[in-house]
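Colleague: Next up, target-v8.tsv (TSV, C-alpha atoms).
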```tsv
chain	number	residue	atom	x	y	z
A	51	MET	CA	40.40	79.70	262.72
A	52	LYS	CA	40.90	83.40	261.90
A	53	SER	CA	42.55	82.48	258.61
A	54	TYR	CA	39.54	80.33	257.61
A	55	ILE	CA	37.17	83.25	258.28
A	56	PHE	CA	39.40	85.59	256.24
A	57	ILE	CA	39.55	83.10	253.33
A	58	PHE	CA	35.76	82.64	253.45
A	59	ILE	CA	35.12	86.42	253.37
A	60	ALA	CA	37.68	86.99	250.61
A	61	SER	CA	36.19	84.15	248.52
A	62	SER	CA	32.69	85.52	248.96
A	63	LEU	CA	33.77	88.98	247.84
A	64	LEU	CA	35.62	87.55	244.85
A	65	LEU	CA	32.63	85.48	243.73
A	66	THR	CA	30.31	88.46	244.14
A	67	ALA	CA	32.63	90.73	242.14
A	68	CYS	CA	33.18	88.19	239.37
A	69	GLY	CA	29.62	86.88	239.23
A	70	PRO	CA	27.18	87.60	236.40
A	71	SER	CA	26.45	91.28	235.88
A	72	SER	CA	23.23	92.50	237.34
A	73	SER	CA	20.83	94.86	235.65
A	74	ASN	CA	22.00	97.54	238.10
A	75	ASN	CA	25.58	97.33	236.76
A	76	GLN	CA	24.29	97.47	233.20
A	77	SER	CA	22.24	100.59	233.90
A	78	GLN	CA	25.32	102.28	235.44
A	79	GLU	CA	27.30	101.57	232.26
A	80	THR	CA	24.45	102.96	230.16
A	81	ARG	CA	24.25	106.06	232.31
A	82	MET	CA	28.00	106.67	231.99
A	83	ALA	CA	27.82	106.32	228.22
A	84	THR	CA	24.85	108.66	228.08
A	85	ASN	CA	26.62	111.30	230.17
A	86	THR	CA	29.67	111.32	227.92
A	87	THR	CA	27.61	111.95	224.80
A	88	GLU	CA	25.35	114.71	226.07
A	89	ALA	CA	24.24	117.16	223.43
A	90	VAL	CA	25.82	120.59	223.41
A	91	ASN	CA	23.67	123.32	224.89
A	92	ASN	CA	22.46	125.36	221.92
A	93	GLU	CA	22.39	128.62	223.85
A	94	PRO	CA	25.62	130.63	223.91
A	95	GLN	CA	27.35	130.57	227.29
A	96	ARG	CA	28.55	133.68	229.10
A	97	MET	CA	30.84	134.39	232.00
A	98	GLN	CA	29.30	135.95	235.05
A	99	THR	CA	29.47	139.74	235.31
A	100	SER	CA	32.01	140.81	237.90
A	101	GLU	CA	32.93	144.12	239.51
A	102	VAL	CA	35.99	144.59	241.74
A	103	LYS	CA	37.25	147.73	243.46
A	104	GLU	CA	40.65	147.76	245.15
A	105	ASN	CA	42.45	150.45	247.11
A	106	PHE	CA	46.23	150.43	247.29
A	107	GLU	CA	49.21	152.70	247.84
A	108	TYR	CA	51.76	153.57	245.18
A	109	LYS	CA	54.64	156.01	245.67
A	110	GLY	CA	53.03	157.34	248.85
A	111	LYS	CA	49.65	158.08	247.24
A	112	GLN	CA	46.32	156.30	247.51
A	113	TYR	CA	44.93	154.73	244.33
A	114	GLN	CA	41.72	152.90	243.49
A	115	SER	CA	41.16	150.46	240.65
A	116	HIS	CA	37.67	149.63	239.46
A	117	ILE	CA	37.34	146.66	237.08
A	118	VAL	CA	34.09	145.47	235.51
A	119	ARG	CA	33.80	142.39	233.27
A	120	ARG	CA	30.68	141.86	231.15
A	121	ALA	CA	29.71	139.42	228.44
A	122	ASP	CA	29.55	141.60	225.34
A	123	GLU	CA	26.94	140.57	222.76
A	124	SER	CA	28.35	143.08	220.24
A	125	LEU	CA	31.60	141.09	219.96
A	126	PRO	CA	32.01	138.01	217.74
A	127	MET	CA	31.16	134.77	219.54
A	128	VAL	CA	33.72	132.03	220.06
A	129	THR	CA	33.01	128.36	219.32
A	130	ASN	CA	34.98	125.56	220.98
A	131	ASP	CA	35.81	122.09	219.62
A	132	GLU	CA	32.50	120.74	220.95
A	133	GLN	CA	30.64	123.41	218.94
A	134	GLN	CA	29.55	125.25	222.09
A	135	GLN	CA	29.34	129.01	221.57
A	136	PHE	CA	30.52	131.59	224.10
A	137	TYR	CA	30.10	135.34	224.33
A	138	ASP	CA	33.39	137.20	224.54
A	139	ASN	CA	33.88	139.78	227.30
A	140	SER	CA	34.69	143.44	227.45
A	141	ILE	CA	36.45	144.63	230.59
A	142	SER	CA	36.55	148.24	231.73
A	143	LEU	CA	39.45	149.43	233.85
A	144	LYS	CA	39.31	152.71	235.73
A	145	LEU	CA	42.22	153.89	237.82
A	146	THR	CA	42.04	156.97	240.02
A	147	CYS	CA	44.43	158.76	242.36
A	148	GLY	CA	43.10	161.35	244.80
A	149	GLY	CA	39.87	161.71	242.78
A	150	LYS	CA	41.81	162.28	239.53
A	151	GLN	CA	41.16	159.70	236.83
A	152	LEU	CA	44.39	158.31	235.33
A	153	VAL	CA	42.94	155.54	233.17
A	154	SER	CA	39.48	154.82	231.83
A	155	ARG	CA	39.62	152.16	229.15
A	156	THR	CA	37.53	149.24	227.97
A	157	PHE	CA	39.54	146.23	226.80
A	158	THR	CA	38.48	143.44	224.46
A	159	LYS	CA	40.38	140.42	223.17
A	160	LYS	CA	41.32	142.51	220.14
A	161	ASP	CA	43.61	144.64	222.33
A	162	PHE	CA	45.79	141.57	222.98
A	163	LEU	CA	45.73	139.79	219.61
A	164	HIS	CA	49.22	141.02	218.73
A	165	LEU	CA	50.52	138.95	221.68
A	166	VAL	CA	48.50	135.74	221.21
A	167	ASP	CA	48.84	132.98	218.62
A	168	ALA	CA	46.15	133.45	215.93
A	169	ASN	CA	44.96	129.81	216.08
A	170	PHE	CA	44.73	129.96	219.87
A	171	ALA	CA	42.83	133.25	219.71
A	172	LYS	CA	40.10	131.81	217.45
A	173	GLN	CA	38.69	129.80	220.36
A	174	ALA	CA	39.70	132.22	223.14
A	175	ILE	CA	37.90	134.96	225.04
A	176	LEU	CA	39.12	137.78	227.25
A	177	GLU	CA	38.63	136.09	230.63
A	178	GLY	CA	39.72	138.67	233.14
A	179	ILE	CA	41.85	141.53	234.38
A	180	VAL	CA	42.89	141.85	238.03
A	181	PHE	CA	45.10	144.19	240.05
A	182	ASN	CA	48.39	142.41	240.73
A	183	GLU	CA	50.83	144.79	242.44
A	184	ALA	CA	52.34	148.25	242.50
A	185	ASN	CA	56.12	148.24	242.14
A	186	GLU	CA	59.00	150.23	240.62
A	187	GLN	CA	57.69	149.46	237.10
A	188	GLY	CA	54.26	150.92	237.83
A	189	ILE	CA	50.80	149.65	238.70
A	190	CYS	CA	50.59	146.10	237.40
A	191	PHE	CA	47.48	144.24	236.31
A	192	ALA	CA	47.25	140.62	235.18
A	193	ALA	CA	45.01	139.81	232.22
A	194	SER	CA	44.19	136.50	230.61
A	195	VAL	CA	42.99	135.48	227.18
A	196	GLY	CA	41.94	131.85	227.27
A	197	HIS	CA	39.74	129.07	226.06
A	198	PRO	CA	36.44	129.12	227.96
A	199	GLU	CA	35.81	126.36	230.48
A	200	SER	CA	39.40	125.11	230.23
A	201	ASP	CA	42.80	125.68	231.78
A	202	LEU	CA	44.30	126.98	228.53
A	203	TYR	CA	45.11	130.69	228.73
A	204	GLN	CA	47.75	133.23	227.85
A	205	PRO	CA	48.82	135.42	230.78
A	206	ILE	CA	49.28	139.08	229.91
A	207	ARG	CA	50.71	141.98	231.90
A	208	ILE	CA	49.32	145.51	231.81
A	209	VAL	CA	51.47	148.17	233.47
A	210	VAL	CA	50.22	151.68	234.16
A	211	SER	CA	52.80	154.37	234.87
A	212	ALA	CA	52.28	157.09	237.48
A	213	ASN	CA	51.12	159.48	234.72
A	214	GLY	CA	48.62	156.99	233.23
A	215	ASN	CA	50.58	155.55	230.28
A	216	LEU	CA	49.85	151.89	229.50
A	217	SER	CA	52.16	149.12	228.35
A	218	ILE	CA	50.93	145.64	227.48
A	219	SER	CA	53.16	142.57	227.24
A	220	LEU	CA	53.14	138.81	227.63
A	221	GLU	CA	53.66	137.68	231.19
A	222	GLU	CA	56.95	135.87	230.89
A	223	GLU	CA	57.38	134.80	234.50
A	224	MET	CA	54.81	132.38	235.79
A	225	MET	CA	54.91	131.93	239.53
A	226	ASP	CA	55.56	128.34	240.56
A	227	VAL	CA	53.18	127.59	243.40
A	228	THR	CA	53.80	124.40	245.35
A	229	THR	CA	51.54	122.80	247.88
A	230	PRO	CA	52.92	121.82	251.31
A	231	GLU	CA	52.81	118.15	250.23
A	232	GLU	CA	54.95	118.89	247.16
A	233	SER	CA	57.47	120.78	249.31
A	234	GLU	CA	57.83	117.80	251.66
A	235	ASN	CA	58.40	115.39	248.74
A	236	SER	CA	61.23	117.38	247.17
```
Could you quickly redo this structure as structure tokens?
Modeller:
Amino acid sequence: MKSYIFIFIASSLLLTACGPSSSNNQSQETRMATNTTEAVNNEPQRMQTSEVKENFEYKGKQYQSHIVRRADESLPMVTNDEQQQFYDNSISLKLTCGGKQLVSRTFTKKDFLHLVDANFAKQAILEGIVFNEANEQGICFAASVGHPESDLYQPIRIVVSANGNLSISLEEEMMDVTTPEESENS
């Protein structure tokens, strides 16, 4: 008896699923097609302004970094493949130790162009700079130049020495982060 009920329910579901399409299904298909062909917003997009202050210790002294990112209308705009325009950013980095200013510099994408592929850079903006760590090399910041609203970016390393000298290089080592599920499966 249970098998007859199961067969009846399964048959009903199959007939419902394979039956003639209703106007509701047709309107869902139309909506999906409409959503995939939305017009590009004509106004240039900008990243949100951000301001981050961090205190940390380096070689037994207290340091503070102050980083401010702003969309910069004086810089050339970037246009992606969908013809959406984006403002590029300028990012100011201030680094102090005991009230003494070691670094006060405003970065733009132009400061990193010697490290980034020219074709990639055409559609890229300066996305961010963050404090990473203080180690034997110096005070390390991570920067990224990337395509807006995508996962494509070039990681860059900025190292500040104890006396305030800067070095800029490509970040060669990318940390491999695994989730607990990935760890269990390996």
Colleague: Rank nothing, just name the residue among A:Thr129, A:Ile179, A:Glu123, A:Gln134 nearest to A:Glu101, using all atoms listed in the file.
Modeller: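 Looking only at the distances to A:Glu101, the closest residue turns out to be A:Ile179.
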Colleague: Identify which of the residues A:Ala171, A:Leu216, A:Phe181, A:Ile206 lies closest to A:Asn130, counting only C-alpha atoms when measuring atom-to-atom distances.
Modeller: A:Ala171
Colleague: Of the candidates A:Val180, A:Val209, A:Cys190, A:Leu202, which shows the shortest atom-to-atom distance to A:Ile117, using only C-alpha atoms?
Modeller: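 So, comparing all the options, the nearest one is A:Val180.
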Colleague: Compare A:Ser115, A:Asn185, A:Ser217, A:Ser211 by their minimum atom-to-atom distance to A:Thr146, counting all atoms listed in the file, and give me the closest one.
Modeller: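 For A:Thr146, the nearest of the given residues is A:Ser115.
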Colleague: From the list A:Ala184, A:Ile189, A:Phe162, A:Tyr203, which residue is nearest A:Ile218 when using only C-alpha atoms?
Modeller: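 Checking each of A:Ala184, A:Ile189, A:Phe162, A:Tyr203 against A:Ile218, counting only C-alpha atoms, the winner is A:Phe162.
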Colleague: Which one is closest to A:Glu107: A:Cys147, A:Leu125, A:Val210, A:Leu163? Count all atoms listed in the file.
Modeller: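 Comparing A:Cys147, A:Leu125, A:Val210, A:Leu163 against A:Glu107, the winner is A:Cys147.
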Colleague: As an exercise, work out the distance from atom CA of A:His116 to atom CA of A:Val195 in Å and give it to one decimal place.
Modeller: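 Those two atoms sit 19.5 Å apart.
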Colleague: Could you tell me how far atom CA of A:Gly148 lies from atom CA of A:Gln114, in Å and to one decimal?
Modeller: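 Separating atom CA of A:Gly148 from atom CA of A:Gln114 is a distance of 8.7 Å.
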Colleague: Tell me, in Å to one decimal, how far atom CA of A:Val128 is from atom CA of A:Asn182.
Modeller: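 That distance, rounded to one decimal, is 27.4 Å.
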